[in-house]
>>> print(open('data.tsv').read())   # TSV, C-alpha atoms and all ligand atoms
chain	number	residue	atom	x	y	z
A	690	MET	CA	0.00	0.00	0.00
A	691	ARG	CA	1.41	3.42	-0.97
A	692	GLU	CA	1.76	6.30	1.43
A	693	HIS	CA	-0.67	8.89	0.16
A	694	CYS	CA	1.73	11.68	0.71
A	695	SER	CA	5.48	11.33	0.56
A	696	GLY	CA	7.07	12.56	3.77
A	697	VAL	CA	4.08	11.94	6.02
A	698	PRO	CA	4.42	8.73	8.00
A	699	ARG	CA	1.48	6.46	8.74
A	700	GLU	CA	0.83	6.52	12.50
A	701	GLU	CA	1.98	3.43	14.38
A	702	GLY	CA	-1.03	1.25	15.05
A	703	GLY	CA	-3.42	4.11	14.36
A	704	VAL	CA	-5.62	5.17	11.51
A	705	ARG	CA	-4.02	8.03	9.65
A	706	PRO	CA	-6.30	10.91	8.63
A	707	ARG	CA	-7.15	11.02	4.96
A	708	HIS	CA	-4.91	13.88	3.89
A	709	PHE	CA	-5.15	15.27	0.34
A	710	LEU	CA	-1.69	16.70	-0.26
A	711	ASP	CA	-0.58	15.83	-3.79
A	712	LEU	CA	-2.01	13.99	-6.79
A	713	ASP	CA	1.00	11.70	-7.21
A	714	ALA	CA	0.26	10.13	-3.85
A	715	PHE	CA	-2.87	8.48	-5.28
A	716	SER	CA	-3.50	5.91	-7.98
A	717	GLY	CA	-4.98	6.83	-11.36
A	718	ASP	CA	-8.04	4.71	-10.57
A	719	PHE	CA	-8.62	6.62	-7.36
A	720	LEU	CA	-8.32	10.02	-9.04
A	721	ARG	CA	-10.56	9.00	-11.95
A	722	GLY	CA	-13.06	7.88	-9.32
A	723	LEU	CA	-13.01	11.35	-7.74
A	724	VAL	CA	-13.58	12.98	-11.14
A	725	ALA	CA	-16.49	10.63	-11.85
A	726	GLU	CA	-18.00	11.39	-8.45
A	727	ALA	CA	-17.65	15.13	-9.08
A	728	ARG	CA	-19.47	14.77	-12.41
A	729	ARG	CA	-22.26	12.80	-10.79
A	730	MET	CA	-22.72	15.37	-8.01
A	731	LYS	CA	-22.60	18.26	-10.46
A	732	ALA	CA	-25.37	16.69	-12.54
A	733	ALA	CA	-27.46	15.87	-9.46
A	734	ARG	CA	-27.79	19.52	-8.37
A	735	GLN	CA	-28.65	21.10	-11.72
A	736	GLY	CA	-31.22	23.86	-11.15
A	737	LEU	CA	-30.74	24.16	-7.38
A	738	PRO	CA	-29.79	27.57	-5.88
A	739	LYS	CA	-26.07	27.79	-5.17
A	740	GLY	CA	-26.55	27.81	-1.41
A	741	ALA	CA	-28.98	24.86	-1.31
A	742	PRO	CA	-27.69	21.55	0.04
A	743	ASP	CA	-27.10	18.66	-2.33
A	744	PRO	CA	-29.95	16.13	-2.62
A	745	ASP	CA	-27.60	13.83	-0.68
A	746	ALA	CA	-25.74	16.15	1.74
A	747	PRO	CA	-23.78	13.83	4.01
A	748	LEU	CA	-21.60	16.21	6.05
A	749	ASP	CA	-24.15	17.50	8.55
A	750	GLY	CA	-22.29	19.22	11.39
A	751	HIS	CA	-18.83	18.93	9.83
A	752	MET	CA	-16.53	21.96	10.01
A	753	LEU	CA	-13.67	22.79	7.63
A	754	LEU	CA	-11.06	25.16	9.08
A	755	MET	CA	-9.37	27.19	6.33
A	756	ILE	CA	-5.99	28.92	6.66
A	757	PHE	CA	-4.92	31.18	3.80
A	758	GLN	CA	-1.44	32.67	4.10
A	759	LYS	CA	-1.75	33.96	0.52
A	760	ALA	CA	-4.63	35.62	-1.30
A	761	SER	CA	-7.40	33.47	-2.77
A	762	THR	CA	-10.72	33.99	-4.51
A	763	ARG	CA	-11.62	30.65	-6.12
A	764	THR	CA	-10.17	28.22	-3.61
A	765	ARG	CA	-11.50	30.03	-0.55
A	766	ILE	CA	-15.03	30.58	-1.81
A	767	SER	CA	-15.42	27.25	-3.61
A	768	PHE	CA	-14.37	25.29	-0.52
A	769	GLU	CA	-16.79	27.30	1.60
A	770	MET	CA	-19.62	26.64	-0.86
A	771	ALA	CA	-18.60	22.98	-1.16
A	772	MET	CA	-18.96	22.48	2.59
A	773	ARG	CA	-22.29	24.30	2.60
A	774	GLN	CA	-23.68	22.20	-0.26
A	775	LEU	CA	-22.52	19.03	1.50
A	776	GLY	CA	-24.41	20.10	4.64
A	777	GLY	CA	-21.41	21.24	6.69
A	778	ALA	CA	-19.69	24.58	7.23
A	779	ALA	CA	-16.33	26.25	6.70
A	780	SER	CA	-14.54	28.94	8.66
A	781	ASP	CA	-11.82	31.20	7.21
A	782	LEU	CA	-9.37	31.55	10.06
A	783	ALA	CA	-7.82	34.77	8.67
A	784	GLY	CA	-4.29	33.35	8.43
A	785	ASP	CA	-2.63	36.65	9.34
A	786	ARG	CA	-4.45	36.82	12.68
A	787	LEU	CA	-3.49	33.38	13.96
A	788	GLN	CA	-0.85	32.97	16.67
A	789	LEU	CA	1.03	31.03	13.98
A	790	GLY	CA	2.22	34.43	12.76
A	791	ARG	CA	3.63	35.21	16.25
A	792	GLY	CA	5.69	32.08	16.60
A	793	GLU	CA	3.26	29.33	17.69
A	794	THR	CA	4.52	26.23	15.92
A	795	ILE	CA	2.75	24.53	13.05
A	796	ALA	CA	2.68	21.31	15.08
A	797	ASP	CA	0.95	22.97	18.04
A	798	THR	CA	-1.48	24.75	15.72
A	799	ALA	CA	-2.29	21.44	14.03
A	800	ARG	CA	-3.04	19.80	17.37
A	801	VAL	CA	-5.28	22.63	18.55
A	802	LEU	CA	-7.22	22.98	15.28
A	803	SER	CA	-7.78	19.21	15.23
A	804	ALA	CA	-9.77	19.62	18.44
A	805	TYR	CA	-12.14	22.13	16.81
A	806	GLY	CA	-12.53	21.15	13.17
A	807	ASP	CA	-13.12	18.01	11.14
A	808	ALA	CA	-10.57	18.97	8.45
A	809	ILE	CA	-7.95	21.67	7.81
A	810	LEU	CA	-7.40	23.46	4.50
A	811	LEU	CA	-4.01	25.18	4.17
A	812	ARG	CA	-2.67	27.60	1.53
A	813	THR	CA	0.92	28.43	2.36
A	814	TYR	CA	4.38	29.08	0.96
A	815	ARG	CA	6.68	26.21	1.93
A	816	HIS	CA	5.41	22.75	1.04
A	817	ALA	CA	7.32	21.48	4.08
A	818	ASP	CA	4.93	23.52	6.25
A	819	LEU	CA	1.95	21.70	4.72
A	820	LEU	CA	3.60	18.33	5.42
A	821	GLU	CA	4.36	19.46	8.98
A	822	MET	CA	0.69	20.37	9.48
A	823	ALA	CA	-0.36	16.96	8.14
A	824	ARG	CA	2.16	15.14	10.32
A	825	HIS	CA	0.69	16.60	13.51
A	826	ALA	CA	-3.00	16.97	12.65
A	827	GLY	CA	-5.47	14.42	13.92
A	828	VAL	CA	-7.87	15.36	11.10
A	829	PRO	CA	-7.44	15.44	7.30
A	830	VAL	CA	-5.29	18.23	5.85
A	831	ILE	CA	-5.96	19.48	2.32
A	832	ASN	CA	-3.43	21.31	0.14
A	833	ALA	CA	-5.00	24.57	-1.03
A	834	LEU	CA	-1.76	25.54	-2.87
A	835	THR	CA	1.88	25.69	-1.84
A	836	ASP	CA	4.94	26.93	-3.71
A	837	HIS	CA	5.31	23.32	-4.87
A	838	SER	CA	1.85	22.22	-6.01
A	839	HIS	CA	-1.86	22.89	-6.47
A	840	PRO	CA	-3.61	19.49	-6.61
A	841	CYS	CA	-7.22	20.66	-6.07
A	842	GLN	CA	-6.91	22.92	-9.13
A	843	ILE	CA	-5.60	20.22	-11.40
A	844	LEU	CA	-8.12	17.60	-10.27
A	845	ALA	CA	-10.87	20.07	-11.21
A	846	ASP	CA	-9.13	20.70	-14.54
A	847	MET	CA	-9.24	16.98	-15.35
A	848	LEU	CA	-13.02	17.23	-14.91
A	849	THR	CA	-13.18	20.26	-17.23
A	850	ILE	CA	-11.08	18.64	-19.94
A	851	GLU	CA	-13.04	15.38	-19.85
A	852	GLU	CA	-16.40	17.20	-19.89
A	853	ARG	CA	-15.35	19.13	-23.00
A	854	LEU	CA	-13.22	16.61	-24.86
A	855	GLY	CA	-13.78	13.13	-23.40
A	856	PRO	CA	-11.11	10.94	-21.75
A	857	ILE	CA	-7.68	12.56	-21.68
A	858	ALA	CA	-5.58	9.37	-21.54
A	859	GLY	CA	-3.07	9.30	-24.39
A	860	ARG	CA	-3.95	12.81	-25.67
A	861	PRO	CA	-1.29	15.55	-25.39
A	862	LEU	CA	-1.72	18.63	-23.22
A	863	ALA	CA	0.57	21.68	-23.57
A	864	TYR	CA	1.65	23.98	-20.75
A	865	VAL	CA	3.24	27.29	-21.79
A	866	GLY	CA	4.78	29.86	-19.44
A	867	ASP	CA	6.42	29.67	-16.01
A	868	GLY	CA	7.30	26.26	-14.54
A	869	ASN	CA	5.52	26.51	-11.20
A	870	ASN	CA	3.21	24.85	-8.66
A	871	VAL	CA	0.45	24.42	-11.25
A	872	THR	CA	2.95	22.84	-13.65
A	873	HIS	CA	4.06	20.38	-10.98
A	874	SER	CA	0.51	19.22	-10.29
A	875	LEU	CA	-0.06	18.90	-14.06
A	876	ILE	CA	3.01	16.65	-14.21
A	877	HIS	CA	1.56	14.54	-11.39
A	878	ALA	CA	-1.72	14.35	-13.32
A	879	ALA	CA	0.05	13.35	-16.53
A	880	THR	CA	1.55	10.43	-14.63
A	881	ARG	CA	-1.74	9.30	-13.13
A	882	PHE	CA	-4.21	10.08	-15.94
A	883	GLY	CA	-1.76	8.86	-18.61
A	884	PHE	CA	-1.46	11.80	-20.98
A	885	PRO	CA	1.66	13.22	-22.68
A	886	LEU	CA	2.56	16.67	-21.32
A	887	ARG	CA	4.52	19.16	-23.41
A	888	ILE	CA	5.95	22.02	-21.32
A	889	ALA	CA	7.42	25.18	-22.87
A	890	THR	CA	9.18	27.59	-20.51
A	891	PRO	CA	11.92	30.22	-20.86
A	892	GLU	CA	15.46	29.30	-19.91
A	893	GLY	CA	15.80	29.05	-16.14
A	894	ARG	CA	12.03	28.73	-15.55
A	895	ALA	CA	11.58	25.00	-16.21
A	896	PRO	CA	9.71	22.95	-13.58
A	897	ASP	CA	11.57	21.24	-10.73
A	898	PRO	CA	13.83	18.58	-12.32
A	899	GLY	CA	13.05	16.23	-9.42
A	900	VAL	CA	9.32	16.32	-10.20
A	901	VAL	CA	10.02	15.72	-13.89
A	902	ALA	CA	12.44	12.85	-13.18
A	903	ALA	CA	10.02	11.14	-10.78
A	904	ALA	CA	7.23	11.32	-13.37
A	905	ARG	CA	9.46	9.93	-16.11
A	906	GLU	CA	10.58	7.09	-13.84
A	907	GLU	CA	6.92	6.15	-13.53
A	908	GLY	CA	6.62	6.09	-17.31
A	909	ALA	CA	5.08	9.52	-17.93
A	910	GLU	CA	5.81	11.26	-21.23
A	911	ILE	CA	7.00	14.73	-20.16
A	912	GLN	CA	8.54	16.84	-22.93
A	913	LEU	CA	10.46	19.99	-21.96
A	914	THR	CA	11.18	22.65	-24.55
A	915	GLN	CA	11.78	26.39	-24.84
A	916	ASN	CA	9.67	26.52	-28.00
A	917	PRO	CA	5.96	27.19	-27.36
A	918	ARG	CA	4.94	26.27	-30.92
A	919	GLU	CA	6.59	22.89	-30.58
A	920	ALA	CA	4.74	22.29	-27.30
A	921	VAL	CA	1.28	23.14	-28.63
A	922	ALA	CA	1.57	21.51	-32.07
A	923	ASP	CA	-0.56	18.41	-31.37
A	924	ALA	CA	-2.18	19.50	-28.09
A	925	ILE	CA	-5.87	19.05	-27.28
A	926	ALA	CA	-5.56	21.76	-24.61
A	927	VAL	CA	-3.20	24.68	-24.03
A	928	TYR	CA	-2.69	25.66	-20.38
A	929	THR	CA	-0.99	28.74	-19.01
A	930	ASP	CA	-0.64	30.49	-15.65
A	931	THR	CA	0.75	33.73	-14.26
A	932	TRP	CA	4.40	34.50	-15.02
A	933	VAL	CA	4.92	35.52	-11.37
A	934	SER	CA	3.46	33.28	-8.70
A	935	MET	CA	2.50	34.55	-5.26
A	936	GLY	CA	5.58	34.88	-3.10
A	937	GLN	CA	7.94	34.83	-6.09
A	938	GLU	CA	7.77	38.52	-6.89
A	939	GLY	CA	11.37	39.57	-7.53
A	940	ASP	CA	12.50	36.14	-8.80
A	941	VAL	CA	12.41	37.39	-12.40
A	942	ASP	CA	13.89	40.86	-13.06
A	943	ASP	CA	12.79	41.11	-16.66
A	944	LEU	CA	9.36	39.78	-17.56
A	945	SER	CA	10.16	40.24	-21.26
A	946	VAL	CA	11.75	36.76	-21.21
A	947	PHE	CA	8.17	35.45	-21.03
A	948	ALA	CA	6.83	37.49	-23.97
A	949	PRO	CA	7.25	34.65	-26.53
A	950	TYR	CA	5.19	32.43	-24.21
A	951	ARG	CA	2.07	34.62	-24.24
A	952	VAL	CA	-0.94	32.58	-25.33
A	953	ASP	CA	-2.45	34.80	-28.01
A	954	GLU	CA	-4.36	34.34	-31.24
A	955	ALA	CA	-1.15	33.62	-33.15
A	956	LEU	CA	-0.20	30.75	-30.84
A	957	MET	CA	-3.75	29.37	-30.76
A	958	ALA	CA	-3.77	29.46	-34.59
A	959	ALA	CA	-1.07	26.80	-34.44
A	960	VAL	CA	-3.38	24.48	-32.48
A	961	ASP	CA	-6.30	22.32	-33.61
A	962	ARG	CA	-9.54	24.36	-33.74
A	963	GLN	CA	-11.18	21.91	-31.32
A	964	ALA	CA	-8.43	22.43	-28.72
A	965	ILE	CA	-9.37	24.32	-25.56
A	966	PHE	CA	-7.57	27.05	-23.62
A	967	LEU	CA	-7.08	26.60	-19.88
A	968	HIS	CA	-5.92	28.95	-17.10
A	969	CYS	CA	-6.24	28.32	-13.38
A	970	LEU	CA	-6.88	32.08	-12.85
A	971	PRO	CA	-6.33	34.77	-11.74
A	972	ALA	CA	-5.21	35.84	-15.22
A	973	HIS	CA	-3.01	38.79	-16.03
A	974	ARG	CA	-4.61	39.83	-19.27
A	975	GLY	CA	-2.08	41.11	-21.76
A	976	GLN	CA	0.74	39.20	-20.08
A	977	GLU	CA	0.44	35.39	-20.19
A	978	VAL	CA	-2.83	35.50	-22.16
A	979	SER	CA	-4.49	37.92	-24.56
A	980	ASP	CA	-8.05	39.14	-24.07
A	981	ALA	CA	-9.04	37.51	-27.35
A	982	VAL	CA	-7.98	34.05	-26.14
A	983	MET	CA	-9.39	34.47	-22.62
A	984	ASP	CA	-12.76	35.55	-24.00
A	985	GLY	CA	-12.63	33.49	-27.19
A	986	PRO	CA	-14.55	30.37	-28.22
A	987	GLN	CA	-11.79	27.96	-27.18
A	988	SER	CA	-11.56	29.30	-23.62
A	989	ALA	CA	-12.74	26.94	-20.87
A	990	VAL	CA	-11.56	29.10	-17.98
A	991	TRP	CA	-14.99	29.80	-16.43
A	992	ALA	CA	-15.84	26.10	-16.45
A	993	GLN	CA	-12.50	25.47	-14.74
A	994	ALA	CA	-13.39	27.93	-11.98
A	995	GLU	CA	-16.86	26.40	-11.50
A	996	ASN	CA	-15.51	22.87	-11.46
A	997	ARG	CA	-13.31	23.67	-8.47
A	998	LEU	CA	-16.53	23.44	-6.45
A	999	HIS	CA	-17.60	20.05	-7.80
A	1000	ALA	CA	-14.15	18.43	-7.69
A	1001	GLN	CA	-13.53	19.66	-4.15
A	1002	LYS	CA	-16.80	18.15	-2.97
A	1003	ALA	CA	-15.51	14.77	-4.13
A	1004	ILE	CA	-12.24	15.45	-2.28
A	1005	LEU	CA	-14.07	16.50	0.90
A	1006	ARG	CA	-16.35	13.46	0.79
A	1007	TRP	CA	-13.32	11.21	0.68
A	1008	CYS	CA	-11.32	13.12	3.31
A	1009	LEU	CA	-14.29	13.17	5.68
A	1010	GLY	CA	-15.06	9.48	5.32
A	1011	VAL	CA	-18.17	9.44	3.12
A	1012	THR	CA	-16.30	7.64	0.34
A	1013	PRO	CA	-14.96	4.28	1.60
A	1014	ARG	CA	-11.31	4.11	2.56
A	1015	ALA	CA	-11.12	1.03	0.34
A	1016	VAL	CA	-10.68	3.26	-2.69
A	1017	VAL	CA	-7.39	4.56	-1.28
A	1018	PRO	CA	-4.39	3.31	-3.31
B	1	LIG	N1	-6.93	29.12	-9.12
B	1	LIG	C1	-6.91	29.48	-7.82
B	1	LIG	O1	-6.46	28.73	-6.96
B	1	LIG	O2	-7.44	30.70	-7.59
B	1	LIG	P1	-7.38	31.50	-6.20
B	1	LIG	O3	-5.94	31.93	-5.99
B	1	LIG	O4	-8.29	32.66	-6.41
B	1	LIG	O5	-7.82	30.59	-5.10
B	2	LIG	N1	0.96	29.82	-9.79
B	2	LIG	C1	-0.01	30.71	-9.20
B	2	LIG	C2	-1.31	29.99	-9.04
B	2	LIG	C3	-2.40	30.83	-8.43
B	2	LIG	C4	-3.68	30.07	-8.28
B	2	LIG	C5	0.50	31.20	-7.86
B	2	LIG	O1	1.03	30.40	-7.09
B	2	LIG	O2	0.39	32.41	-7.59
>>> encode(input="data.tsv", output="structure tokens")
Amino acid sequence: MREHCSGVPREEGGVRPRHFLDLDAFSGDFLRGLVAEARRMKAARQGLPKGAPDPDAPLDGHMLLMIFQKASTRTRISFEMAMRQLGGAASDLAGDRLQLGRGETIADTARVLSAYGDAILLRTYRHADLLEMARHAGVPVINALTDHSHPCQILADMLTIEERLGPIAGRPLAYVGDGNNVTHSLIHAATRFGFPLRIATPEGRAPDPGVVAAAREEGAEIQLTQNPREAVADAIAVYTDTWVSMGQEGDVDDLSVFAPYRVDEALMAAVDRQAIFLHCLPAHRGQEVSDAVMDGPQSAVWAQAENRLHAQKAILRWCLGVTPRAVVP
């Protein structure tokens, strides 16, 4: 049986909480199961007001405690709505007002929050801090984005791609721009969902070589190039993200190195007309993507944002024990 997050030990003789920390910690079957569950739940609540509970809302009384040490619109609100639709509640702990910011340790914070909430959602800088929280929490910890990865986003994106284009296995996806947390989770997804991933980044901005090497060792087809046209040539979807991730302001002196990686009409003209454009958002219009592409017929960005809600409900159901543990890899 695999650990479902590298670096977090299974408790001796105890039942470890169902953390959701990175996609590569799970099997492809498990992740496809989450996507299928998200699709089923999305269909089941068609026509209901956004704040109404799901027809089957199994999390009565459950509380999600959310810590955001970086800004968030989609992740914060979609998790709050996800808990509400599942019959539970979420509380935004205002990360900057916690004693964590005055030196209380992550371990002690994890222990205390585990006494109050049924799960903890953490958006932070250092991935090691997320793992530390998971190591000491008695309840599930969910990765809401670190400098290393963004698994909830990419699980939702698998739902969006498959809704629009059918199964992704074996069909190339292109990522163009900065090699970052979103890229790393895409690499994890390529490994588990079985699709070739073509990544075009400027010199010095490629994704973490360790993440790429681990994926290749598991048989994933990860192509790295500095040529965006080469990356998108046979892609069914073109994905980009901000050139400057939160917390990395100052890492790149001259943003002009990214200019050839802007996803604009010229780049999309090199792609099949059926291909879709993806962006996790927030977008910096005029930088990594042109208005015409963002607002054009190939753009699936609003579906991506909506699907965060549905995918995260599948994640929460598993973390909080509604979905049987048996589906764990
Ligand atoms: N895509 C995403 O995670 O958006 P937020 O930063 O608004 O949560
Ligand atoms: N790579 C971006 C993603 C934001 C959702 C960042 O970390 O800022």
>>> residues_around(input="data.tsv", residues="stretch 717-733 of chain A", least_positions_apart="5", cutoff="9 Å", atoms="only C-alpha atoms", output="PyMOL selection string")
chain A and resi 712+743-745+844-845+847-848+852+878+880-883+996+998-1004+1007+1016-1018
>>> write_last_selection(input="data.tsv", atoms="C-alpha atoms", output="mmCIF file, in the coordinates of the input")
data_model
loop_
_atom_site.group_PDB
_atom_site.id
_atom_site.type_symbol
_atom_site.label_atom_id
_atom_site.label_comp_id
_atom_site.auth_asym_id
_atom_site.auth_seq_id
_atom_site.Cartn_x
_atom_site.Cartn_y
_atom_site.Cartn_z
ATOM 1 C CA LEU A 712 -2.010 13.990 -6.790
ATOM 2 C CA ASP A 743 -27.100 18.660 -2.330
ATOM 3 C CA PRO A 744 -29.950 16.130 -2.620
ATOM 4 C CA ASP A 745 -27.600 13.830 -0.680
ATOM 5 C CA LEU A 844 -8.120 17.600 -10.270
ATOM 6 C CA ALA A 845 -10.870 20.070 -11.210
ATOM 7 C CA MET A 847 -9.240 16.980 -15.350
ATOM 8 C CA LEU A 848 -13.020 17.230 -14.910
ATOM 9 C CA GLU A 852 -16.400 17.200 -19.890
ATOM 10 C CA ALA A 878 -1.720 14.350 -13.320
ATOM 11 C CA THR A 880 1.550 10.430 -14.630
ATOM 12 C CA ARG A 881 -1.740 9.300 -13.130
ATOM 13 C CA PHE A 882 -4.210 10.080 -15.940
ATOM 14 C CA GLY A 883 -1.760 8.860 -18.610
ATOM 15 C CA ASN A 996 -15.510 22.870 -11.460
ATOM 16 C CA LEU A 998 -16.530 23.440 -6.450
ATOM 17 C CA HIS A 999 -17.600 20.050 -7.800
ATOM 18 C CA ALA A 1000 -14.150 18.430 -7.690
ATOM 19 C CA GLN A 1001 -13.530 19.660 -4.150
ATOM 20 C CA LYS A 1002 -16.800 18.150 -2.970
ATOM 21 C CA ALA A 1003 -15.510 14.770 -4.130
ATOM 22 C CA ILE A 1004 -12.240 15.450 -2.280
ATOM 23 C CA TRP A 1007 -13.320 11.210 0.680
ATOM 24 C CA VAL A 1016 -10.680 3.260 -2.690
ATOM 25 C CA VAL A 1017 -7.390 4.560 -1.280
ATOM 26 C CA PRO A 1018 -4.390 3.310 -3.310
#
>>> atom_distance(input="data.tsv", atom1="atom CA of A:Val927", atom2="atom CA of A:Val865")
7.3 Å
>>> closest_residue(input="data.tsv", among="A:Val990, A:Met752, A:Val900, A:Leu886", to="ligand LIG 1 (chain B)", atoms="all atoms listed in the file")
A:Val990
>>> residues_around(input="data.tsv", residues="A:Pro742", least_positions_apart="6", cutoff="9 Å", atoms="all atoms listed in the file", output="CSV table (one decimal) with C-alpha atoms, keeping the file's coordinate frame")
chain,number,residue,atom,x,y,z
A,734,ARG,CA,-27.8,19.5,-8.4
A,773,ARG,CA,-22.3,24.3,2.6
A,774,GLN,CA,-23.7,22.2,-0.3
A,775,LEU,CA,-22.5,19.0,1.5
A,776,GLY,CA,-24.4,20.1,4.6
>>> residues_near_point(input="data.tsv", point="(-14.3, 19.9, -24.3)", cutoff="10 Å", atoms="only C-alpha atoms", output="list in words")
Leu848, Thr849, Ile850, Glu851, Glu852, Arg853, Leu854, Gly855, Pro856, Ile925, Ala926, Gln963, Ala964, Ile965, Phe966, Gln987, Ser988 and Ala989 of chain A
>>> residues_around(input="data.tsv", residues="A:Asp942", least_positions_apart="5", cutoff="12 Å", atoms="all atoms listed in the file", output="JSON list (two decimals) with C-alpha atoms, keeping the file's coordinate frame")
[["chain", "number", "residue", "atom", "x", "y", "z"],
["A", 932, "TRP", "CA", 4.40, 34.50, -15.02],
["A", 933, "VAL", "CA", 4.92, 35.52, -11.37],
["A", 937, "GLN", "CA", 7.94, 34.83, -6.09],
["A", 947, "PHE", "CA", 8.17, 35.45, -21.03]]
>>> residues_around(input="data.tsv", residues="A:Arg800", least_positions_apart="3", cutoff="6 Å", atoms="only C-alpha atoms", output="list in words")
Asp797, Ser803 and Ala826 of chain A
>>> atom_distance(input="data.tsv", atom1="atom CA of A:Pro898", atom2="atom CA of A:His816")
16.3 Å
>>> residues_near_ligand(input="data.tsv", ligand="ligand LIG 1 (chain B)", cutoff="6 Å", atoms="all atoms listed in the file", output="list of chain:residue names")
A:Ser761, A:Thr762, A:Arg763, A:Thr764, A:Arg765, A:Cys969, A:Leu970, A:Pro971
>>> write_last_selection(input="data.tsv", atoms="C-alpha atoms", output="PDB file, keeping the file's coordinate frame")
ATOM      1  CA  SER A 761      -7.400  33.470  -2.770  1.00  0.00           C
ATOM      2  CA  THR A 762     -10.720  33.990  -4.510  1.00  0.00           C
ATOM      3  CA  ARG A 763     -11.620  30.650  -6.120  1.00  0.00           C
ATOM      4  CA  THR A 764     -10.170  28.220  -3.610  1.00  0.00           C
ATOM      5  CA  ARG A 765     -11.500  30.030  -0.550  1.00  0.00           C
ATOM      6  CA  CYS A 969      -6.240  28.320 -13.380  1.00  0.00           C
ATOM      7  CA  LEU A 970      -6.880  32.080 -12.850  1.00  0.00           C
ATOM      8  CA  PRO A 971      -6.330  34.770 -11.740  1.00  0.00           C
TER       9      PRO A 971
END
>>> residues_around(input="data.tsv", residues="A:Arg887", least_positions_apart="4", cutoff="9 Å", atoms="only C-alpha atoms", output="mmCIF file with C-alpha atoms, in the frame of the given file")
data_model
loop_
_atom_site.group_PDB
_atom_site.id
_atom_site.type_symbol
_atom_site.label_atom_id
_atom_site.label_comp_id
_atom_site.auth_asym_id
_atom_site.auth_seq_id
_atom_site.Cartn_x
_atom_site.Cartn_y
_atom_site.Cartn_z
ATOM 1 C CA PRO A 861 -1.290 15.550 -25.390
ATOM 2 C CA LEU A 862 -1.720 18.630 -23.220
ATOM 3 C CA ALA A 863 0.570 21.680 -23.570
ATOM 4 C CA TYR A 864 1.650 23.980 -20.750
ATOM 5 C CA VAL A 865 3.240 27.290 -21.790
ATOM 6 C CA GLU A 910 5.810 11.260 -21.230
ATOM 7 C CA ILE A 911 7.000 14.730 -20.160
ATOM 8 C CA GLN A 912 8.540 16.840 -22.930
ATOM 9 C CA LEU A 913 10.460 19.990 -21.960
ATOM 10 C CA THR A 914 11.180 22.650 -24.550
ATOM 11 C CA GLU A 919 6.590 22.890 -30.580
ATOM 12 C CA ALA A 920 4.740 22.290 -27.300
ATOM 13 C CA VAL A 921 1.280 23.140 -28.630
ATOM 14 C CA ALA A 924 -2.180 19.500 -28.090
#
>>> axis_aligned_box(input="data.tsv", around="ligand LIG 2 (chain B)", padding_each_side="4 Å", output="AutoDock Vina command-line options")
--center_x -1.3 --center_y 31.1 --center_z -8.4 --size_x 12.7 --size_y 10.6 --size_z 10.7
